[in-house]
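Source file: entry.cif; contents: mmCIF, C-alpha atoms.
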```
data_my_file
loop_
_atom_site.label_atom_id
_atom_site.label_comp_id
_atom_site.auth_asym_id
_atom_site.auth_seq_id
_atom_site.Cartn_x
_atom_site.Cartn_y
_atom_site.Cartn_z
CA MET E 300 157.78 58.32 -4.69
CA ASN E 301 160.86 57.90 -6.81
CA LEU E 302 161.17 58.45 -10.53
CA THR E 303 160.21 54.94 -11.56
CA ASP E 304 156.92 55.24 -9.69
CA LEU E 305 156.26 58.42 -11.61
CA PHE E 306 156.96 56.65 -14.91
CA LEU E 307 154.64 53.81 -13.97
CA LEU E 308 151.90 56.22 -12.86
CA GLN E 309 152.07 58.17 -16.11
CA ALA E 310 152.13 54.96 -18.11
CA GLY E 311 149.06 53.70 -16.28
CA ILE E 312 147.17 56.95 -16.81
CA LEU E 313 147.96 56.97 -20.53
CA PHE E 314 146.97 53.31 -20.81
CA LEU E 315 143.62 53.91 -19.10
CA ILE E 316 142.89 56.96 -21.25
CA GLY E 317 143.58 54.85 -24.34
CA ILE E 318 141.33 51.99 -23.27
CA PHE E 319 138.58 54.44 -22.28
CA GLY E 320 138.74 56.05 -25.69
CA ILE E 321 138.70 52.75 -27.56
CA LEU E 322 135.70 51.47 -25.63
CA THR E 323 133.51 54.55 -25.63
CA ARG E 324 134.14 56.51 -28.83
CA LYS E 325 132.44 55.83 -32.12
CA ASN E 326 134.62 57.99 -34.33
CA ILE E 327 137.25 55.88 -36.09
CA PHE E 328 139.78 58.69 -36.03
CA LYS E 329 139.37 59.08 -32.28
CA ILE E 330 139.76 55.32 -31.85
CA LEU E 331 143.04 55.43 -33.77
CA MET E 332 144.20 58.30 -31.56
CA SER E 333 143.26 56.27 -28.50
CA ILE E 334 145.26 53.31 -29.79
CA ASN E 335 148.24 55.60 -30.17
CA ILE E 336 147.85 56.98 -26.65
CA LEU E 337 147.60 53.43 -25.30
CA GLN E 338 150.72 52.47 -27.20
CA THR E 339 152.59 55.44 -25.74
CA GLY E 340 151.59 54.26 -22.30
CA VAL E 341 152.88 50.74 -22.93
CA ASN E 342 156.14 52.09 -24.34
CA LEU E 343 156.61 54.31 -21.32
CA LEU E 344 155.89 51.38 -19.01
CA ILE E 345 158.52 49.17 -20.62
CA VAL E 346 161.17 51.88 -20.81
CA GLY E 347 160.38 53.00 -17.26
CA LEU E 348 160.83 49.50 -15.89
CA GLY E 349 164.38 49.54 -17.24
CA TYR E 350 165.22 52.64 -15.20
CA ILE E 351 167.50 52.39 -12.18
CA PRO E 352 167.99 55.13 -9.55
CA ASP E 353 170.46 57.81 -10.69
CA GLY E 354 170.68 56.08 -14.04
CA LYS E 355 172.54 57.49 -17.00
CA ALA E 356 171.79 57.14 -20.69
CA PRO E 357 173.55 54.03 -22.05
CA ILE E 358 176.03 55.85 -24.25
CA ILE E 359 179.76 55.57 -23.66
CA THR E 360 181.27 59.05 -23.52
CA GLU E 361 184.50 60.49 -22.16
CA SER E 362 182.81 61.57 -18.93
CA SER E 363 181.13 58.22 -18.27
CA SER E 364 183.64 56.40 -16.09
CA ASN E 365 181.17 54.19 -14.25
CA LEU E 366 179.30 51.94 -16.61
CA SER E 367 177.34 50.31 -13.79
CA LEU E 368 175.12 53.38 -13.61
CA PHE E 369 173.72 52.82 -17.10
CA VAL E 370 170.03 52.09 -17.39
CA ASP E 371 168.88 48.93 -19.14
CA PRO E 372 169.43 49.41 -22.90
CA LEU E 373 167.42 46.39 -24.02
CA PRO E 374 163.87 47.82 -23.47
CA GLN E 375 164.84 50.98 -25.32
CA ALA E 376 165.97 48.93 -28.30
CA LEU E 377 162.72 46.97 -28.26
CA ILE E 378 160.62 50.13 -27.96
CA LEU E 379 162.31 51.56 -31.05
CA THR E 380 160.83 48.64 -32.99
CA SER E 381 157.48 49.17 -31.32
CA ILE E 382 157.34 52.86 -32.27
CA VAL E 383 158.08 52.17 -35.92
CA ILE E 384 155.47 49.41 -36.12
CA GLY E 385 153.00 51.74 -34.42
CA PHE E 386 153.60 54.27 -37.15
CA GLY E 387 152.92 51.63 -39.81
CA THR E 388 149.68 50.44 -38.23
CA THR E 389 148.48 54.01 -37.73
CA ALA E 390 149.11 54.90 -41.38
CA LEU E 391 147.28 51.77 -42.53
CA GLY E 392 144.40 52.44 -40.15
CA LEU E 393 144.04 56.01 -41.39
CA VAL E 394 143.82 54.80 -44.97
CA VAL E 395 141.22 52.19 -44.03
CA ALA E 396 139.26 54.96 -42.27
CA LEU E 397 139.43 57.02 -45.43
CA ARG E 398 138.02 54.17 -47.53
CA TYR E 399 135.31 53.66 -44.89
CA HIS E 400 134.36 57.31 -45.20
CA GLN E 401 134.19 57.04 -48.97
CA LYS E 402 131.81 54.08 -48.72
CA HIS E 403 129.56 55.05 -45.81
CA LYS E 404 129.80 58.87 -45.96
CA THR E 405 130.54 58.98 -42.24
CA ILE E 406 133.58 58.48 -40.06
CA ASP E 407 131.55 56.92 -37.22
CA PHE E 408 130.95 53.24 -36.77
CA VAL E 409 127.38 52.61 -37.89
CA ASN E 410 125.23 49.69 -36.94
CA ILE E 411 124.80 47.70 -40.13
CA ASP E 412 121.32 46.50 -39.13
CA ASP E 413 120.19 50.09 -38.63
CA GLU E 414 121.54 50.99 -42.01
CA LYS E 415 119.67 48.15 -43.68
CA GLU E 416 116.45 49.13 -41.92
CA ASN E 417 116.87 52.68 -43.13
CA GLU E 418 117.36 51.46 -46.67
CA VAL E 419 114.21 49.35 -46.41
CA CYS E 420 112.25 52.29 -45.03
CA GLU E 421 113.44 54.55 -47.80
CA MET Q 64 125.11 60.00 -34.92
CA LYS Q 65 124.52 59.98 -31.17
CA THR Q 66 124.22 56.84 -29.16
CA ARG Q 67 121.25 56.76 -26.84
CA HIS Q 68 123.17 55.54 -23.84
CA GLN Q 69 126.48 57.32 -24.29
CA ASN Q 70 126.58 58.59 -20.70
CA MET Q 71 125.76 55.17 -19.30
CA LEU Q 72 128.50 53.65 -21.45
CA ASN Q 73 131.04 56.23 -20.28
CA LEU Q 74 130.18 55.61 -16.64
CA PHE Q 75 130.33 51.83 -17.03
CA VAL Q 76 133.70 51.89 -18.76
CA PHE Q 77 135.02 54.34 -16.16
CA LEU Q 78 134.04 52.05 -13.27
CA MET Q 79 135.48 49.04 -15.07
CA LEU Q 80 138.77 50.81 -15.58
CA ILE Q 81 138.95 51.77 -11.91
CA LEU Q 82 138.52 48.10 -11.01
CA PHE Q 83 141.16 47.11 -13.57
CA SER Q 84 143.67 49.65 -12.28
CA ALA Q 85 143.12 48.47 -8.71
CA VAL Q 86 143.97 44.92 -9.75
CA VAL Q 87 147.10 46.03 -11.59
CA TYR Q 88 148.16 48.23 -8.66
CA LYS Q 89 147.82 45.33 -6.24
CA ALA Q 90 149.90 43.08 -8.48
CA LEU Q 91 152.63 45.69 -8.90
CA PHE Q 92 152.98 47.00 -5.37
CA ASN Q 93 151.51 44.40 -2.97
CA GLY Q 94 152.49 41.13 -4.53
CA GLU Q 95 152.56 37.79 -2.76
CA GLN Q 96 155.20 37.25 -0.04
CA GLY Q 97 156.25 40.86 -0.18
CA LYS Q 98 157.60 40.51 -3.69
CA ASN Q 99 156.92 43.28 -6.17
CA TRP Q 100 158.74 44.91 -9.02
CA ARG Q 101 160.92 46.88 -6.57
CA SER Q 102 162.45 43.70 -5.12
CA ILE Q 103 164.19 42.87 -8.38
CA ALA Q 104 167.95 43.17 -7.97
CA LYS Q 105 169.76 45.55 -10.25
CA SER Q 106 171.97 42.81 -11.65
CA GLU Q 107 168.87 40.93 -12.74
CA LYS Q 108 167.31 44.04 -14.21
CA VAL Q 109 170.04 45.58 -16.33
CA SER Q 110 171.33 43.51 -19.23
CA GLU Q 111 175.01 44.03 -18.51
CA SER Q 112 176.28 41.76 -21.24
CA TYR Q 113 175.28 44.32 -23.81
CA ILE Q 114 176.71 47.23 -21.82
CA TYR Q 115 180.12 45.59 -21.39
CA LYS Q 116 180.03 44.28 -24.99
CA ASN Q 117 180.66 40.72 -23.92
CA VAL Q 118 177.77 38.46 -24.80
CA ASN Q 119 179.55 35.25 -25.77
CA GLU Q 120 181.86 34.63 -22.83
CA GLN Q 121 180.89 33.66 -19.31
CA ASN Q 122 183.33 35.73 -17.26
CA MET Q 123 182.76 39.33 -18.17
CA VAL Q 124 185.67 41.74 -18.28
CA LYS Q 125 183.98 44.89 -17.04
CA THR Q 126 186.24 47.45 -18.64
CA VAL Q 127 184.88 49.35 -21.58
CA GLN Q 128 186.09 52.88 -22.14
CA MET Q 129 186.08 55.58 -24.75
CA GLY Q 130 188.73 54.86 -27.36
CA ASP Q 131 188.98 51.15 -26.68
CA SER Q 132 189.27 48.63 -29.44
CA GLY Q 133 189.09 44.89 -29.58
CA HIS Q 134 185.67 44.38 -28.05
CA GLU Q 135 182.93 42.35 -29.66
CA GLU Q 136 181.24 45.44 -30.99
CA GLY Q 137 182.49 48.95 -31.42
CA SER Q 138 179.68 51.49 -31.22
CA ALA Q 139 179.50 53.90 -28.31
CA ASN Q 140 175.70 53.98 -28.22
CA ILE Q 141 174.69 50.70 -26.64
CA VAL Q 142 171.08 50.87 -27.79
CA THR Q 143 172.32 51.14 -31.36
CA SER Q 144 174.65 48.20 -30.85
CA ILE Q 145 171.66 46.12 -29.75
CA VAL Q 146 169.33 47.30 -32.52
CA VAL Q 147 171.68 47.03 -35.48
CA SER Q 148 174.36 44.62 -34.41
CA TYR Q 149 173.20 42.09 -31.83
CA ARG Q 150 169.57 42.03 -32.89
CA ALA Q 151 169.86 43.04 -36.52
CA PHE Q 152 167.56 40.22 -37.56
CA ASP Q 153 164.86 41.80 -35.40
CA THR Q 154 165.39 45.09 -37.20
CA LEU Q 155 165.08 43.33 -40.56
CA GLY Q 156 161.65 42.10 -39.48
CA GLU Q 157 160.73 45.60 -38.38
CA ILE Q 158 161.70 46.99 -41.77
CA LEU Q 159 159.62 44.31 -43.45
CA VAL Q 160 156.59 45.25 -41.31
CA LEU Q 161 157.05 48.90 -42.20
CA PHE Q 162 157.35 47.97 -45.89
CA ALA Q 163 154.17 45.86 -45.70
CA SER Q 164 152.18 48.66 -44.10
CA ILE Q 165 153.37 51.22 -46.64
CA ALA Q 166 152.52 48.79 -49.45
CA GLY Q 167 149.04 48.47 -47.93
CA VAL Q 168 148.69 52.25 -47.85
CA GLY Q 169 149.63 52.43 -51.52
CA LEU Q 170 147.22 49.64 -52.39
CA LEU Q 171 144.24 51.14 -50.57
CA MET Q 172 144.97 54.72 -51.59
CA GLY Q 173 144.77 53.77 -55.28
CA LYS Q 174 141.77 55.79 -56.31
CA ARG Q 175 141.48 59.34 -55.08
CA ARG Q 176 139.97 62.35 -56.63
CA LYS Q 177 142.34 65.13 -57.55
CA ARG Q 178 142.26 67.79 -54.89
CA THR Q 179 141.86 71.41 -55.72
CA VAL Q 180 145.31 72.93 -55.75
CA VAL Q 181 145.80 76.07 -53.72
CA PRO Q 182 149.04 77.92 -54.56
CA ALA Q 183 151.40 78.29 -51.63
CA SER Q 184 151.55 81.69 -49.96
CA ILE Q 185 154.61 83.94 -50.07
CA VAL Q 186 155.58 83.00 -46.51
CA ILE Q 187 155.70 79.33 -47.37
CA GLN Q 188 157.53 79.95 -50.63
CA THR Q 189 160.23 81.96 -48.87
CA ALA Q 190 160.66 79.84 -45.79
CA ILE Q 191 160.42 76.29 -47.11
CA PRO Q 192 163.77 76.03 -48.95
CA ILE Q 193 165.69 77.19 -45.86
CA VAL Q 194 163.69 75.09 -43.41
CA SER Q 195 163.83 71.95 -45.51
CA LEU Q 196 167.57 72.35 -46.10
CA LEU Q 197 168.17 72.59 -42.34
CA THR Q 198 165.88 69.63 -41.70
CA LEU Q 199 167.72 67.50 -44.25
CA LEU Q 200 171.07 68.45 -42.73
CA VAL Q 201 169.96 67.53 -39.22
CA GLY Q 202 168.54 64.26 -40.52
CA ILE Q 203 171.77 63.31 -42.28
CA PHE Q 204 173.77 64.22 -39.15
CA ILE Q 205 171.55 62.04 -36.96
CA ILE Q 206 171.80 59.09 -39.35
CA LEU Q 207 175.59 59.29 -39.68
CA HIS Q 208 176.09 59.62 -35.90
CA GLY Q 209 173.66 56.87 -34.99
CA HIS Q 210 176.36 54.81 -33.29
CA LEU Q 211 177.69 57.75 -31.24
CA THR Q 212 174.72 59.86 -30.18
CA PRO Q 213 171.02 59.21 -29.57
CA GLY Q 214 169.18 58.68 -32.80
CA GLY Q 215 169.95 56.62 -35.83
CA GLY Q 216 168.32 55.46 -39.00
CA PHE Q 217 164.69 55.64 -37.98
CA PRO Q 218 164.49 59.15 -36.43
CA GLY Q 219 166.93 60.53 -38.97
CA GLY Q 220 164.91 59.03 -41.80
CA ALA Q 221 161.75 60.56 -40.34
CA LEU Q 222 163.44 63.97 -40.25
CA ILE Q 223 164.60 63.68 -43.87
CA ALA Q 224 161.08 62.65 -44.83
CA GLY Q 225 159.83 65.79 -43.07
CA GLY Q 226 162.15 67.91 -45.18
CA PHE Q 227 160.93 66.25 -48.36
CA VAL Q 228 157.31 66.69 -47.29
CA PHE Q 229 157.98 70.42 -46.97
CA LEU Q 230 159.32 70.38 -50.52
CA VAL Q 231 156.28 68.43 -51.76
CA LEU Q 232 154.00 71.01 -50.15
CA PHE Q 233 156.06 73.75 -51.77
CA LYS Q 234 155.94 72.34 -55.27
CA GLU Q 235 153.47 69.81 -56.59
CA ASN Q 236 154.92 66.68 -58.18
CA PHE Q 237 158.34 67.46 -56.74
CA LEU Q 238 159.03 63.76 -56.30
CA LYS Q 239 157.83 61.00 -58.53
CA LYS Q 240 156.57 57.97 -56.65
CA LYS Q 241 158.44 55.62 -58.97
CA ILE Q 242 161.78 57.18 -58.05
CA LEU Q 243 160.93 56.86 -54.35
CA LEU Q 244 159.98 53.24 -54.89
CA ALA Q 245 163.23 52.52 -56.71
CA VAL Q 246 165.36 54.15 -53.98
CA GLU Q 247 163.48 52.27 -51.30
CA SER Q 248 163.88 48.95 -53.09
CA LEU Q 249 167.59 49.53 -53.64
CA ALA Q 250 168.11 50.33 -49.96
CA GLY Q 251 166.19 47.23 -48.93
CA LEU Q 252 168.22 45.10 -51.31
CA GLY Q 253 171.36 46.66 -49.87
CA ILE Q 254 170.37 45.61 -46.35
CA ILE Q 255 169.69 42.04 -47.46
CA GLY Q 256 172.90 42.07 -49.50
CA ALA Q 257 174.96 43.21 -46.51
CA ALA Q 258 173.43 40.41 -44.45
CA PHE Q 259 174.27 37.79 -47.08
CA TRP Q 260 177.75 39.22 -47.59
CA GLY Q 261 178.32 38.54 -43.89
CA THR Q 262 177.06 35.02 -44.46
CA LEU Q 263 179.55 34.51 -47.28
CA LYS Q 264 182.39 35.90 -45.17
CA ASN Q 265 181.84 34.03 -41.94
CA GLY Q 266 178.72 31.91 -42.11
CA TYR Q 267 176.45 34.08 -39.97
CA PHE Q 268 173.57 36.23 -41.17
CA PHE Q 269 174.38 39.91 -40.48
CA PHE Q 270 177.97 39.10 -39.59
CA ASN Q 271 180.02 42.21 -38.87
CA PHE Q 272 182.48 42.11 -41.76
CA LEU Q 273 183.89 45.63 -41.35
CA PRO Q 274 186.61 46.58 -38.82
CA ASN Q 275 185.32 47.74 -35.46
CA GLY Q 276 187.70 50.64 -34.88
CA ASN Q 277 187.99 52.57 -31.65
CA ILE Q 278 184.87 53.26 -29.60
CA GLY Q 279 183.76 56.84 -30.04
CA GLU Q 280 185.29 57.63 -33.41
CA LEU Q 281 183.16 58.44 -36.42
CA PHE Q 282 184.21 55.39 -38.42
CA SER Q 283 183.70 52.75 -35.78
CA GLY Q 284 181.20 50.06 -35.08
CA GLY Q 285 181.77 48.17 -38.30
CA ILE Q 286 178.59 47.32 -40.09
CA VAL Q 287 176.42 49.59 -37.89
CA MET Q 288 177.04 52.76 -39.87
CA LEU Q 289 176.43 51.06 -43.23
CA LEU Q 290 173.21 49.43 -42.06
CA TYR Q 291 171.92 52.61 -40.44
CA LEU Q 292 172.66 54.56 -43.62
CA LEU Q 293 170.63 52.08 -45.68
CA ILE Q 294 167.83 51.99 -43.08
CA GLY Q 295 167.74 55.79 -43.05
CA ILE Q 296 167.39 55.96 -46.83
CA LYS Q 297 164.69 53.30 -46.79
CA VAL Q 298 162.69 54.88 -43.96
CA ALA Q 299 162.99 58.36 -45.49
CA SER Q 300 161.69 57.21 -48.88
CA GLU Q 301 158.91 55.17 -47.29
CA LEU Q 302 157.69 58.01 -45.08
CA THR Q 303 157.90 60.48 -47.96
CA SER Q 304 155.86 58.18 -50.17
CA VAL Q 305 153.20 57.64 -47.49
CA ALA Q 306 152.99 61.40 -46.90
CA SER Q 307 152.66 62.10 -50.60
CA TYR Q 308 149.99 59.41 -50.82
CA MET Q 309 148.11 61.17 -48.03
CA ILE Q 310 148.54 64.57 -49.66
CA GLY Q 311 147.25 62.88 -52.76
CA GLU Q 312 148.10 64.91 -55.82
CA GLU Q 313 148.81 62.28 -58.42
CA GLU Q 314 146.05 59.71 -58.75
CA THR Q 315 143.21 61.09 -60.82
CA ASN Q 316 140.98 58.31 -62.15
CA SER Q 317 138.25 57.74 -59.58
#
```
Step by step, read the file and then write its structure as structure tokens.
Amino acid sequence: MNLTDLFLLQAGILFLIGIFGILTRKNIFKILMSINILQTGVNLLIVGLGYIPDGKAPIITESSSNLSLFVDPLPQALILTSIVIGFGTTALGLVVALRYHQKHKTIDFVNIDDEKENEVCE
Amino acid sequence: MKTRHQNMLNLFVFLMLILFSAVVYKALFNGEQGKNWRSIAKSEKVSESYIYKNVNEQNMVKTVQMGDSGHEEGSANIVTSIVVSYRAFDTLGEILVLFASIAGVGLLMGKRRKRTVVPASIVIQTAIPIVSLLTLLVGIFIILHGHLTPGGGFPGGALIAGGFVFLVLFKENFLKKKILLAVESLAGLGIIGAAFWGTLKNGYFFFNFLPNGNIGELFSGGIVMLLYLLIGIKVASELTSVASYMIGEEETNS
């Protein structure tokens, strides 16, 4: 097992944890956390696929004489965009969760039919 | 609010994920005709045109060293050269997405009740000026060295925003949201203005109109440093404003 396999394994585990959380939890906050974990897994997958054996960070320094050892810089540049957009969506999702809590007095997803029945019963 | 069949749901999703991971594993490691992701050649995998700073020409001259000048692009950090120079239009879209999400946060956060203010303890009052000063210094360093070392406008802006969040926790109403909004708008206009200035100079959006310099020096890379400075200011003000929205000390009418 070389290092890229390890990256892929970790990425897969994070991805599965994220999907498991999204599908089974009812708490909106936990769902947002699961989305973030899933996103970390995808980022790690894409960056890990750009790794080559004995790769160096793609920065030209005085000690870097052999540029053919550099890992692929393009996925890292794309993942930078992905991380920032993930921050934006998380912030927006947290605010939407806050408004949801103000309206429904709970952070869980509620079944709207159940809620209507309860109102009728009351 | 408990679901009746929570355990059944967990078990079902768990089995489904095992099936899913088996499918993905087979595709990655036992592909058809012995081909998998390991059989990709290194020359097909690594985008060497960016590393050797030679995207336009067919025959690459594979000599790039510290202190060189005269290449297409002059920043030592190749990821930065992709993000801010080769794919600057991409970064402009990213900034617009970040701006849209922060605008949405401000829109939805409009009405909040004023929280009960607890005065900061003596530990916080003593430590926060020192800690926030150091945080701001590290942030400015990372932004200004974005083309030489790992980092750049986005992580440096996040660090500066962290320093300002410390100050907001230390003193209520330390920053007015209107000032943050003005700084952010000016930085955004500066990015667009730099892009259009390149258009006026040479006819390309985000054209590099500053001299490239030698690779590895502080003033090198042309437009990269200017753009990362503006991006850092914009990201710092945006993150500070979203944090102060979340802390929520200003809006009172609910």
Legend entry - For Ser112 (chain Q), the nearest of the candidates E:Ile406, E:Leu366, E:Leu322, E:Val341, counting all atoms listed in the file: E:Leu366
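Residue nearest Pro192 (chain Q), chosen from Q:Ile165, Q:Leu207, Q:Leu243, Q:Leu230 and counting only C-alpha atoms: Q:Leu230.
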Inset, instruction - Kindly determine which residues of chain Q lie within 6 Å of chain E, considering all atoms listed in the file, and give the answer as an NGL selection string. - result: :Q and (109-110 or 129 or 139-142 or 146 or 161 or 164 or 168)
Inset, instruction - Grab the CA of Lys329 (chain E) to CA of Ala310 (chain E) distance for me, in Å with one decimal place. - result: 19.5 Å
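Atom pair CA of Gly340 (chain E) / CA of Gln309 (chain E): separated by 7.3 Å.
CA of Asn99 (chain Q) is positioned 27.8 Å from CA of Tyr115 (chain Q).
The closest residue to Glu135 (chain Q), picked from Q:Leu155, Q:Leu232, Q:Met123, Q:Val118 and counting all atoms listed in the file, is Q:Val118.
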Inset, instruction - Kindly indicate which residue among Q:Gly130, Q:Glu95, Q:Leu78, Q:Ser102 lies nearest to Ile278 (chain Q), using all atoms listed in the file for the distances. - result: Q:Gly130
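If all atoms listed in the file are the atoms counted, then among E:Ile378, E:Leu337, E:Leu305, E:Val346 the closest residue to Asp153 (chain Q) is E:Ile378.
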Inset, instruction - Could you give me, as a VMD selection string, the residues that have an atom at most 12 Å away from the point (171.3, 44.1, -37.4) in the coordinates of the file, using only C-alpha atoms? - result: (chain E and resid 376) or (chain Q and resid 136 142 to 158 216 254 to 255 257 to 259 261 267 to 271 284 to 291 293 to 294)
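Closest approach to Ile242 (chain Q) from the set Q:Thr303, Q:Ser132, Q:Asn73, Q:Ser84 is made by Q:Thr303, with distances taken over all atoms listed in the file.
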Inset, instruction - Would you kindly translate the PyMOL selection byres ((chain Q and resi 211) around 7) into the concrete residues it picks from this file, as a PyMOL selection string? - result: chain Q and resi 138-140+208-210+212+279
Inset, instruction - Translate the PyMOL selection byres ((chain Q and resi 224) around 6), as applied to the file shown, into an explicit residue set as an MDAnalysis selection string. - result: chainID Q and resid 221:223 225:227 299 302:303
